[in-house]
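What follows is work_35.txt (compact mmCIF, C-alpha atoms).
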```txt
# COMPACT_ATOMS: atom_id res chain seq x y z
CA MET A 1 20.51 32.42 -38.21
CA THR A 2 20.55 36.12 -37.48
CA THR A 3 22.27 38.56 -39.84
CA ASP A 4 24.36 40.42 -37.23
CA ASP A 5 28.16 40.45 -37.38
CA PRO A 6 29.35 36.99 -36.38
CA ARG A 7 30.45 36.06 -32.91
CA VAL A 8 34.14 35.09 -33.03
CA GLY A 9 35.34 32.03 -31.13
CA TRP A 10 38.78 30.86 -29.99
CA VAL A 11 39.25 27.11 -29.34
CA GLU A 12 42.35 25.08 -28.52
CA SER A 13 41.10 21.47 -28.37
CA PRO A 14 38.76 19.14 -30.28
CA LEU A 15 36.23 19.03 -27.42
CA GLN A 16 36.14 22.82 -27.26
CA LEU A 17 35.51 22.88 -31.01
CA ILE A 18 32.54 20.50 -30.79
CA ASN A 19 31.08 22.50 -27.92
CA ALA A 20 31.59 25.78 -29.79
CA VAL A 21 29.56 24.44 -32.73
CA GLU A 22 26.87 23.16 -30.36
CA ALA A 23 26.65 26.58 -28.67
CA ALA A 24 26.47 28.48 -31.96
CA ALA A 25 23.75 26.15 -33.24
CA ASP A 26 21.74 26.30 -30.01
CA LEU A 27 22.03 30.08 -29.63
CA ASP A 28 21.27 30.52 -33.36
CA GLU A 29 24.20 32.85 -33.95
CA PRO A 30 26.46 33.24 -37.00
CA THR A 31 29.89 32.34 -35.66
CA LEU A 32 33.46 32.34 -36.93
CA ILE A 33 35.42 29.78 -34.90
CA LEU A 34 39.19 30.29 -34.86
CA LEU A 35 41.20 27.11 -34.34
CA ARG A 36 44.57 27.34 -32.63
CA ARG A 37 47.08 26.34 -35.28
CA GLY A 38 49.29 23.30 -34.60
CA VAL A 39 47.13 21.51 -32.00
CA ALA A 40 46.98 17.72 -32.45
CA GLN A 41 43.60 16.43 -33.65
CA LEU A 42 42.04 19.90 -33.88
CA ALA A 43 42.46 20.23 -37.64
CA ASP A 44 41.32 16.61 -38.17
CA THR A 45 38.22 17.21 -36.06
CA ALA A 46 37.44 20.37 -38.02
CA ARG A 47 37.72 18.48 -41.33
CA TRP A 48 35.31 15.82 -40.06
CA LEU A 49 32.81 18.40 -38.81
CA GLU A 50 32.87 20.83 -41.75
CA PRO A 51 30.54 18.91 -44.11
CA HIS A 52 27.92 18.81 -41.34
CA LEU A 53 28.12 22.42 -40.07
CA PRO A 54 24.90 24.37 -39.52
CA GLU A 55 24.39 27.40 -41.73
CA GLY A 56 26.30 30.47 -40.60
CA ILE A 57 29.16 28.68 -38.81
CA ARG A 58 32.66 28.87 -40.29
CA PHE A 59 36.14 27.71 -39.29
CA ALA A 60 39.51 29.43 -39.74
CA GLU A 61 42.95 28.99 -38.20
CA ALA A 62 44.85 31.48 -36.06
CA SER A 63 48.21 31.39 -34.29
CA THR A 64 47.11 33.13 -31.10
CA ALA A 65 44.05 34.54 -29.38
CA THR A 66 45.45 38.01 -30.00
CA ASP A 67 44.49 37.57 -33.66
CA PRO A 68 42.58 40.79 -34.53
CA ARG A 69 39.49 38.83 -35.54
CA PHE A 70 39.12 37.59 -31.95
CA ARG A 71 40.77 40.44 -30.08
CA ASP A 72 38.64 43.12 -31.74
CA ALA A 73 35.34 41.20 -31.84
CA ALA A 74 32.44 42.80 -29.96
CA ARG A 75 31.00 39.32 -29.28
CA ARG A 76 33.29 36.43 -28.38
CA LEU A 77 33.18 32.71 -27.63
CA VAL A 78 35.95 30.85 -25.81
CA GLY A 79 36.58 27.21 -25.05
CA ASP A 80 39.06 27.63 -22.19
CA ALA A 81 38.52 30.64 -19.98
CA PHE A 82 41.67 29.74 -17.98
CA SER A 83 43.91 29.77 -21.05
CA GLY A 84 46.91 32.06 -20.82
CA GLN A 85 46.10 33.32 -24.29
CA PHE A 86 42.57 34.25 -23.27
CA ARG A 87 43.80 35.94 -20.09
CA ALA A 88 46.09 38.13 -22.19
CA VAL A 89 43.16 39.25 -24.34
CA VAL A 90 40.79 39.92 -21.43
CA THR A 91 43.36 41.89 -19.42
CA THR A 92 43.97 44.23 -22.35
CA THR A 93 40.50 44.51 -23.91
CA GLY A 94 37.97 43.40 -21.28
CA ALA A 95 35.46 40.55 -21.34
CA ARG A 96 32.84 42.15 -23.63
CA ASP A 97 29.87 39.95 -24.67
CA LEU A 98 31.16 36.46 -23.94
CA VAL A 99 29.99 32.88 -24.45
CA VAL A 100 32.03 30.23 -22.62
CA VAL A 101 31.68 26.57 -23.63
CA ASP A 102 32.77 23.45 -21.78
CA ASP A 103 36.45 22.63 -21.54
CA GLY A 104 35.80 19.44 -19.63
CA SER A 105 35.09 19.60 -15.91
CA ALA A 106 36.69 23.08 -15.73
CA ALA A 107 33.18 24.43 -16.42
CA LEU A 108 32.17 23.73 -12.82
CA HIS A 109 35.30 25.44 -11.53
CA LEU A 110 34.68 28.45 -13.77
CA ALA A 111 31.12 28.75 -12.45
CA ALA A 112 32.50 28.74 -8.91
CA VAL A 113 34.95 31.48 -9.92
CA LEU A 114 32.18 33.61 -11.45
CA ALA A 115 30.08 33.09 -8.32
CA GLY A 116 32.97 34.32 -6.16
CA ILE A 117 33.45 30.94 -4.46
CA GLU A 118 36.88 30.14 -5.95
CA ARG A 119 39.74 32.34 -7.09
CA PHE A 120 40.58 32.45 -10.80
CA SER A 121 43.22 29.78 -11.49
CA ARG A 122 43.50 26.61 -13.52
CA MET A 123 42.24 23.74 -11.38
CA GLY A 124 44.91 21.30 -10.24
CA GLN A 125 47.91 23.43 -11.28
CA ARG A 126 50.38 25.58 -9.37
CA GLU A 127 50.52 28.85 -11.25
CA SER A 128 53.38 31.33 -11.48
CA ALA A 129 53.23 34.81 -10.00
CA VAL A 130 52.59 36.29 -13.45
CA GLN A 131 49.77 33.80 -14.11
CA ARG A 132 48.20 34.59 -10.73
CA THR A 133 48.36 38.34 -11.41
CA LEU A 134 46.74 37.96 -14.82
CA GLY A 135 44.24 35.53 -13.31
CA THR A 136 43.19 37.98 -10.61
CA LEU A 137 42.48 40.67 -13.20
CA THR A 138 40.78 38.24 -15.60
CA GLY A 139 38.58 36.84 -12.84
CA SER A 140 37.56 40.33 -11.73
CA ARG A 141 36.61 41.33 -15.26
CA LEU A 142 34.69 38.13 -15.92
CA ARG A 143 32.73 38.44 -12.67
CA ALA A 144 31.85 42.05 -13.51
CA ALA A 145 30.74 40.99 -17.01
CA ALA A 146 28.63 38.20 -15.52
CA ARG A 147 26.92 40.58 -13.08
CA ALA A 148 26.18 42.88 -16.03
CA GLY A 149 24.51 40.03 -17.92
CA ARG A 150 27.22 39.74 -20.56
CA VAL A 151 28.39 36.16 -19.86
CA THR A 152 26.68 32.99 -21.12
CA LEU A 153 27.96 29.58 -20.02
CA VAL A 154 26.89 26.75 -22.34
CA THR A 155 27.61 23.56 -20.45
CA ALA A 156 26.67 19.91 -20.11
CA TYR A 157 26.82 20.52 -16.34
CA ALA A 158 23.98 23.06 -16.31
CA ASP A 159 21.62 20.67 -14.54
CA HIS A 160 24.17 19.25 -12.07
CA GLU A 161 23.62 19.92 -8.39
CA ALA A 162 27.24 21.11 -8.11
CA MET A 163 26.61 24.01 -10.53
CA PRO A 164 26.50 27.15 -8.35
CA THR A 165 24.23 30.11 -8.96
CA VAL A 166 26.19 32.72 -10.89
CA PRO A 167 24.70 36.21 -10.40
CA GLY A 168 23.76 37.76 -13.73
CA ALA A 169 25.16 34.97 -15.92
CA ARG A 170 23.04 32.95 -18.32
CA ILE A 171 23.51 29.18 -17.93
CA VAL A 172 22.45 27.20 -21.03
CA PRO A 173 22.36 23.37 -21.03
CA ASN A 174 24.43 21.72 -23.74
CA ARG A 175 22.41 18.66 -24.76
CA TYR A 176 24.45 17.91 -27.90
CA ALA A 177 21.35 18.17 -30.05
CA TRP A 178 23.35 19.00 -33.18
CA LEU A 179 25.89 16.17 -32.81
CA ARG A 180 23.13 13.68 -32.04
CA SER A 181 21.26 14.75 -35.16
CA LEU A 182 24.08 13.75 -37.52
CA ASP A 183 23.69 10.62 -39.61
CA ALA A 184 27.38 9.88 -40.08
CA ALA A 185 29.17 6.59 -40.66
CA PRO A 186 31.33 5.35 -37.77
CA PRO A 187 34.93 6.50 -38.35
CA VAL A 188 36.37 3.29 -36.80
CA GLU A 189 35.25 -0.19 -35.75
CA LEU A 190 35.02 -0.82 -32.01
CA ARG A 191 34.60 -3.90 -29.83
CA SER A 192 31.55 -4.23 -27.58
CA VAL A 193 33.50 -2.89 -24.58
CA VAL A 194 35.33 0.44 -24.82
CA VAL A 195 37.82 1.89 -22.32
CA LEU A 196 38.37 5.64 -22.58
CA GLY A 197 41.88 6.92 -22.16
CA SER A 198 42.28 9.59 -19.49
CA ALA A 199 44.49 12.66 -19.23
CA LEU A 200 44.87 12.05 -15.47
CA ALA A 201 47.93 9.85 -15.98
CA VAL A 202 49.27 11.91 -18.90
CA ASP A 203 49.17 15.08 -16.79
CA GLY A 204 50.67 13.44 -13.72
CA TYR A 205 47.64 13.46 -11.44
CA VAL A 206 47.46 9.67 -10.96
CA ASP A 207 50.13 6.99 -10.79
CA PRO A 208 50.72 5.69 -14.35
CA GLU A 209 51.27 2.06 -13.30
CA ARG A 210 47.99 1.92 -11.40
CA TYR A 211 46.24 3.63 -14.30
CA GLU A 212 47.58 1.13 -16.86
CA ALA A 213 46.62 -1.79 -14.60
CA TRP A 214 43.04 -0.44 -14.44
CA ALA A 215 42.85 -0.08 -18.22
CA ALA A 216 44.31 -3.55 -18.86
CA SER A 217 41.89 -5.15 -16.38
CA HIS A 218 39.07 -4.86 -18.94
CA GLY A 219 40.61 -7.67 -20.95
CA ALA A 220 41.08 -8.67 -24.56
CA GLU A 221 37.44 -8.02 -25.46
CA ALA A 222 37.90 -4.26 -25.02
CA THR A 223 38.88 -1.44 -27.35
CA TYR A 224 41.06 1.27 -25.82
CA LEU A 225 40.52 4.83 -27.12
CA PRO A 226 43.60 6.81 -26.03
CA HIS A 227 43.59 10.37 -24.85
CA ARG A 228 45.11 12.50 -27.59
CA ARG A 229 48.30 13.16 -25.56
CA GLU A 230 49.08 9.65 -24.36
CA ASP A 231 52.63 8.29 -24.48
CA PRO A 232 53.22 5.83 -27.38
CA ALA A 233 55.22 3.58 -25.04
CA ALA A 234 52.23 3.32 -22.68
CA LEU A 235 49.98 2.40 -25.61
CA GLU A 236 52.36 -0.39 -26.60
CA ARG A 237 52.15 -1.81 -23.08
CA LEU A 238 48.34 -1.77 -23.27
CA ARG A 239 48.45 -3.54 -26.64
CA ALA A 240 50.71 -6.18 -25.09
CA ALA A 241 48.10 -6.60 -22.34
CA GLY A 242 45.52 -7.55 -25.00
CA LEU A 243 43.59 -4.33 -25.52
CA ALA A 244 42.77 -3.27 -29.08
CA VAL A 245 44.24 0.24 -29.10
CA VAL A 246 42.47 2.36 -31.73
CA GLU A 247 43.67 5.89 -32.51
CA PRO A 248 40.97 7.51 -34.67
CA GLY A 249 42.36 11.04 -34.36
CA LEU A 250 38.89 12.28 -33.36
CA PRO A 251 37.22 13.04 -30.00
CA ALA A 252 35.36 10.29 -28.17
CA GLU A 253 32.11 12.23 -28.57
CA ILE A 254 32.32 11.76 -32.36
CA VAL A 255 33.70 8.20 -32.32
CA LEU A 256 31.23 6.82 -29.77
CA GLY A 257 28.30 8.97 -30.85
CA SER A 258 28.26 7.21 -34.21
CA ALA A 259 29.40 3.77 -32.97
CA ARG A 260 27.57 0.53 -33.69
CA GLY A 261 27.40 -2.42 -31.29
CA VAL A 262 29.09 -0.85 -28.25
CA ALA A 263 27.49 -2.22 -25.09
CA HIS A 264 29.71 -0.82 -22.32
CA VAL A 265 31.96 2.21 -21.95
CA HIS A 266 34.38 2.51 -19.01
CA SER A 267 36.18 5.67 -17.91
CA LEU A 268 37.75 7.43 -14.98
CA PRO A 269 36.06 10.64 -13.78
CA SER A 270 36.16 13.37 -16.43
CA SER A 271 33.91 15.50 -18.57
CA THR A 272 32.97 12.35 -20.50
CA GLY A 273 30.55 11.45 -17.72
CA ALA A 274 28.44 14.46 -18.70
CA THR A 275 29.07 14.62 -22.43
CA LEU A 276 28.94 10.98 -23.50
CA ALA A 277 25.80 10.30 -21.49
CA ARG A 278 24.10 12.63 -23.99
CA VAL A 279 25.60 11.26 -27.22
CA LEU A 280 26.03 7.51 -26.73
CA PRO A 281 23.71 5.25 -28.74
CA VAL A 282 20.54 4.32 -26.88
CA GLY A 283 21.10 1.37 -24.52
CA THR A 284 24.87 1.77 -24.15
CA VAL A 285 25.93 1.60 -20.49
CA MET A 286 28.65 3.93 -19.22
CA LYS A 287 30.49 3.26 -15.97
CA VAL A 288 32.67 5.88 -14.32
CA THR A 289 35.23 4.44 -11.87
CA ALA A 290 36.21 6.61 -8.92
CA VAL A 291 39.93 7.25 -8.44
CA ARG A 292 41.25 5.42 -5.38
CA HIS A 293 43.09 7.47 -2.78
CA ASP A 294 46.40 5.67 -3.36
CA TRP A 295 46.32 6.45 -7.10
CA TRP A 296 46.66 10.22 -6.63
CA THR A 297 49.99 11.99 -6.91
CA THR A 298 50.94 15.12 -4.98
CA ARG A 299 50.11 17.24 -8.04
CA ALA A 300 46.36 16.70 -7.52
CA ASP A 301 45.22 19.29 -4.97
CA GLU A 302 42.10 18.96 -2.83
CA THR A 303 39.89 21.08 -5.10
CA PHE A 304 40.85 18.96 -8.09
CA ARG A 305 40.25 15.69 -6.21
CA ALA A 306 36.90 16.88 -4.89
CA THR A 307 35.71 17.85 -8.38
CA LEU A 308 36.73 14.50 -9.83
CA ALA A 309 35.08 12.67 -6.92
CA TYR A 310 31.85 14.48 -7.70
CA LEU A 311 32.06 13.51 -11.37
CA ALA A 312 32.40 9.86 -10.31
CA SER A 313 29.41 10.01 -7.96
CA ALA A 314 27.00 9.12 -10.78
CA ASP A 315 28.66 5.71 -11.02
CA GLU A 316 26.69 4.24 -13.88
CA ALA A 317 24.35 5.62 -16.52
CA THR A 318 22.40 4.16 -19.41
CA THR A 319 21.52 6.44 -22.28
CA GLU A 320 17.84 6.93 -22.97
CA GLU A 321 15.84 8.56 -25.69
CA ASP A 322 14.56 12.07 -24.89
```
Step by step, read the file and then write its structure as structure tokens.
Amino acid sequence: MTTDDPRVGWVESPLQLINAVEAAADLDEPTLILLRRGVAQLADTARWLEPHLPEGIRFAEASTATDPRFRDAARRLVGDAFSGQFRAVVTTTGARDLVVVDDGSAALHLAAVLAGIERFSRMGQRESAVQRTLGTLTGSRLRAAARAGRVTLVTAYADHEAMPTVPGARIVPNRYAWLRSLDAAPPVELRSVVVLGSALAVDGYVDPERYEAWAASHGAEATYLPHRREDPAALERLRAAGLAVVEPGLPAEIVLGSARGVAHVHSLPSSTGATLARVLPVGTVMKVTAVRHDWWTTRADETFRATLAYLASADEATTEED
């Protein structure tokens, strides 16, 4: 690691945390990663990761992104560029030297924003007038920083054909080399078939009854790994349908990356199509099921549906050794 002042990161989810560590390790930078206090699973994920951290990477908690350690840092890292907290920092202090890591499929949308193809807004959401105003200013500052060569996007989507050319920005592939290098015991036992819980139903983008019917269709031989925000009542219905519902309190990338004996993984379109294909044990088959037209609710706009359709286009993948 270099001996410069550390880059300071701000993350708000377990996946962002994993990707922040991967970016710091790949870019060989000392990094202080601030975890948003009070987020479910984030502290548990940090505790699991800490014994394995590369040299020069540290964790600390913070209540908001306006924490002076992040706000005043000359070099920053962020997990969600569309976060309201991050917008508040950028509109008052500028973008500076910025690394952005994957926050799921939003990475593709962010690249389109930086390339000037899309306006700055959170994909699939109707934003308030205040959010749109802050978003316009944030997007302008991020595009200017990218043109000046001060934005690096570390993403599992770097090699995807849907990744646009972003003038001035550095695009670095996230191959999960650090996570794959860990020799850690599996945190939970899984059946040979695993169904990944999706936020699409939780966030109201797809009909919950159709979603639960899809999950239950995989039968009693399957383990169901819930999304971290799923409704307990929905999980009870899936248990009643015969699925073994396992709540490890850790991201799927950790749980499945260290799993033993998993033959098939099923999911709806999401960032897991890009991330898990890189961390699943060799020989495990992952199938991504496209969302049928009659599953969508009115909350899912056309940009959101198109992005998810693209993520489902690689319908099946088998992990291979590099």
Legend entry - One-decimal distance in Å that lies between CA of Arg71 (chain A) and CA of Leu15 (chain A):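 Answer for the CA of Leu15 (chain A) to CA of Arg71 (chain A) separation: 22.0 Å.
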Can you report as JSON the centre and edge lengths in Å, to one decimal, of an axis-aligned box around the listed atoms of region 151-166 of chain A padded with 6 Å on each side?
```
{"center_x": 25.0, "center_y": 27.7, "center_z": -15.2, "size_x": 18.8, "size_y": 28.9, "size_z": 26.2}
```
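CA of Val188 (chain A) is found 11.4 Å from CA of Val245 (chain A).
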With 9 Å as the cut-off and only C-alpha atoms counted, what is the closest atom pair between each nearby residue of region 26-130 of chain A and region 270-287 of chain A? Distances in Å to one decimal, ordered by chain and number, as CSV.
```
residue,atom,partner,partner_atom,distance
A:Asp102,CA,A:Ser271,CA,8.6
A:Asp103,CA,A:Ser271,CA,8.1
A:Gly104,CA,A:Ser271,CA,4.5
A:Ser105,CA,A:Ser271,CA,5.0
A:Ala106,CA,A:Ser271,CA,8.6
```
Find the residues of region 22-86 of chain A that sit at most 12 Å from region 167-176 of chain A; for each, write down the nearest two atoms and how far apart they are in Å, to one decimal. Count only C-alpha atoms. Sort by chain, then by number going up, and give it as CSV.
```
residue,atom,partner,partner_atom,distance
A:Glu22,CA,A:Tyr176,CA,6.3
A:Ala23,CA,A:Asn174,CA,7.3
A:Ala24,CA,A:Asn174,CA,10.8
A:Ala25,CA,A:Tyr176,CA,9.8
A:Asp26,CA,A:Asn174,CA,8.2
A:Leu27,CA,A:Val172,CA,9.1
```
Inset, instruction - Give me the residues within 10 Å of Leu308 (chain A) as a list in words, counting all atoms listed in the file and dropping any in the same chain fewer than 4 places off. - result: Ser105, Leu268, Pro269, Ser270, Ser271, Ala290, Val291, Glu302, Thr303, Phe304, Ala312 and Ser313 of chain A
Do a neighbour search on region 197-209 of chain A at 6 Å with all atoms listed in the file, toss out local chain neighbours closer than 6 positions, and write the hits as a PDB file with C-alpha atoms, in the frame of the given file.
```pdb
ATOM      1  CA  LEU A 225      40.520   4.830 -27.120  1.00  0.00           C
ATOM      2  CA  PRO A 226      43.600   6.810 -26.030  1.00  0.00           C
ATOM      3  CA  HIS A 227      43.590  10.370 -24.850  1.00  0.00           C
ATOM      4  CA  GLU A 230      49.080   9.650 -24.360  1.00  0.00           C
ATOM      5  CA  TRP A 295      46.320   6.450  -7.100  1.00  0.00           C
ATOM      6  CA  TRP A 296      46.660  10.220  -6.630  1.00  0.00           C
ATOM      7  CA  THR A 297      49.990  11.990  -6.910  1.00  0.00           C
ATOM      8  CA  ARG A 299      50.110  17.240  -8.040  1.00  0.00           C
ATOM      9  CA  ALA A 300      46.360  16.700  -7.520  1.00  0.00           C
TER      10      ALA A 300
END
```
Legend entry - Separation of CA of Gly79 (chain A) from CA of Ser267 (chain A), in Å and rounded to one decimal: 22.7 Å
Legend entry - Nearest to His266 (chain A) by atom-to-atom distance, counting all atoms listed in the file, from A:Thr289, A:Arg47, A:Arg58, A:Ala88: A:Thr289
Inset, instruction - Dig up all the protein and nucleic acid residues within 8 Å of (39.4, 26.9, -27.5) in the file frame, using only C-alpha atoms, and format them as a ChimeraX atom specification. - result: /A:9-13,16-17,35-36,78-80,103
Can those selected residues be exported to a file as a PDB file, in the coordinates of the input so that it contains C-alpha atoms?
```pdb
ATOM      1  CA  GLY A   9      35.340  32.030 -31.130  1.00  0.00           C
ATOM      2  CA  TRP A  10      38.780  30.860 -29.990  1.00  0.00           C
ATOM      3  CA  VAL A  11      39.250  27.110 -29.340  1.00  0.00           C
ATOM      4  CA  GLU A  12      42.350  25.080 -28.520  1.00  0.00           C
ATOM      5  CA  SER A  13      41.100  21.470 -28.370  1.00  0.00           C
ATOM      6  CA  GLN A  16      36.140  22.820 -27.260  1.00  0.00           C
ATOM      7  CA  LEU A  17      35.510  22.880 -31.010  1.00  0.00           C
ATOM      8  CA  LEU A  35      41.200  27.110 -34.340  1.00  0.00           C
ATOM      9  CA  ARG A  36      44.570  27.340 -32.630  1.00  0.00           C
ATOM     10  CA  VAL A  78      35.950  30.850 -25.810  1.00  0.00           C
ATOM     11  CA  GLY A  79      36.580  27.210 -25.050  1.00  0.00           C
ATOM     12  CA  ASP A  80      39.060  27.630 -22.190  1.00  0.00           C
ATOM     13  CA  ASP A 103      36.450  22.630 -21.540  1.00  0.00           C
TER      14      ASP A 103
END
```
Which neighbours of Gly261 (chain A) fall inside 8 Å, counting all atoms listed in the file, when residues of the same chain fewer than 6 positions from it are skipped, and could you give them as a CSV table (one decimal) with C-alpha atoms, keeping the file's coordinate frame?
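Below is the file that was written, result29.csv:
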```
chain,number,residue,atom,x,y,z
A,190,LEU,CA,35.0,-0.8,-32.0
A,191,ARG,CA,34.6,-3.9,-29.8
A,192,SER,CA,31.6,-4.2,-27.6
```
Which residues of region 138-226 of chain A sit at most 8 Å from region 248-257 of chain A, using all atoms listed in the file? Give each one's shortest atom pair and distance in Å (one decimal place), in chain and ascending residue order, as a Markdown table.
```
| residue | atom | partner | partner_atom | distance |
| --- | --- | --- | --- | --- |
| A:Leu179 | CA | A:Ile254 | CA | 7.8 |
| A:Arg180 | CA | A:Gly257 | CA | 7.1 |
| A:Pro186 | CA | A:Val255 | CA | 6.6 |
| A:Pro187 | CA | A:Val255 | CA | 6.4 |
| A:Val188 | CA | A:Pro248 | CA | 6.6 |
| A:Leu196 | CA | A:Ala252 | CA | 7.9 |
| A:Leu225 | CA | A:Ala252 | CA | 7.6 |
```
Inset, instruction - Write out as a PyMOL selection string which residues come within 7 Å of Pro6 (chain A) when counting only C-alpha atoms, dropping same-chain ones fewer than 2 positions away. - result: chain A and resi 4+8+30-32
Legend entry - Surrounding residues of Pro164 (chain A) excluding itself and chain neighbours under 3 positions, 7 Å, all atoms listed in the file, as a list in words: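 Selected residues are Ala111, Ala112 and Ala115 of chain A.
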Residues from the last selection, C-alpha atoms, saved as a compact mmCIF listing (two decimals), in the frame of the given file:
```
# COMPACT_ATOMS: atom_id res chain seq x y z
CA ALA A 111 31.12 28.75 -12.45
CA ALA A 112 32.50 28.74 -8.91
CA ALA A 115 30.08 33.09 -8.32
```
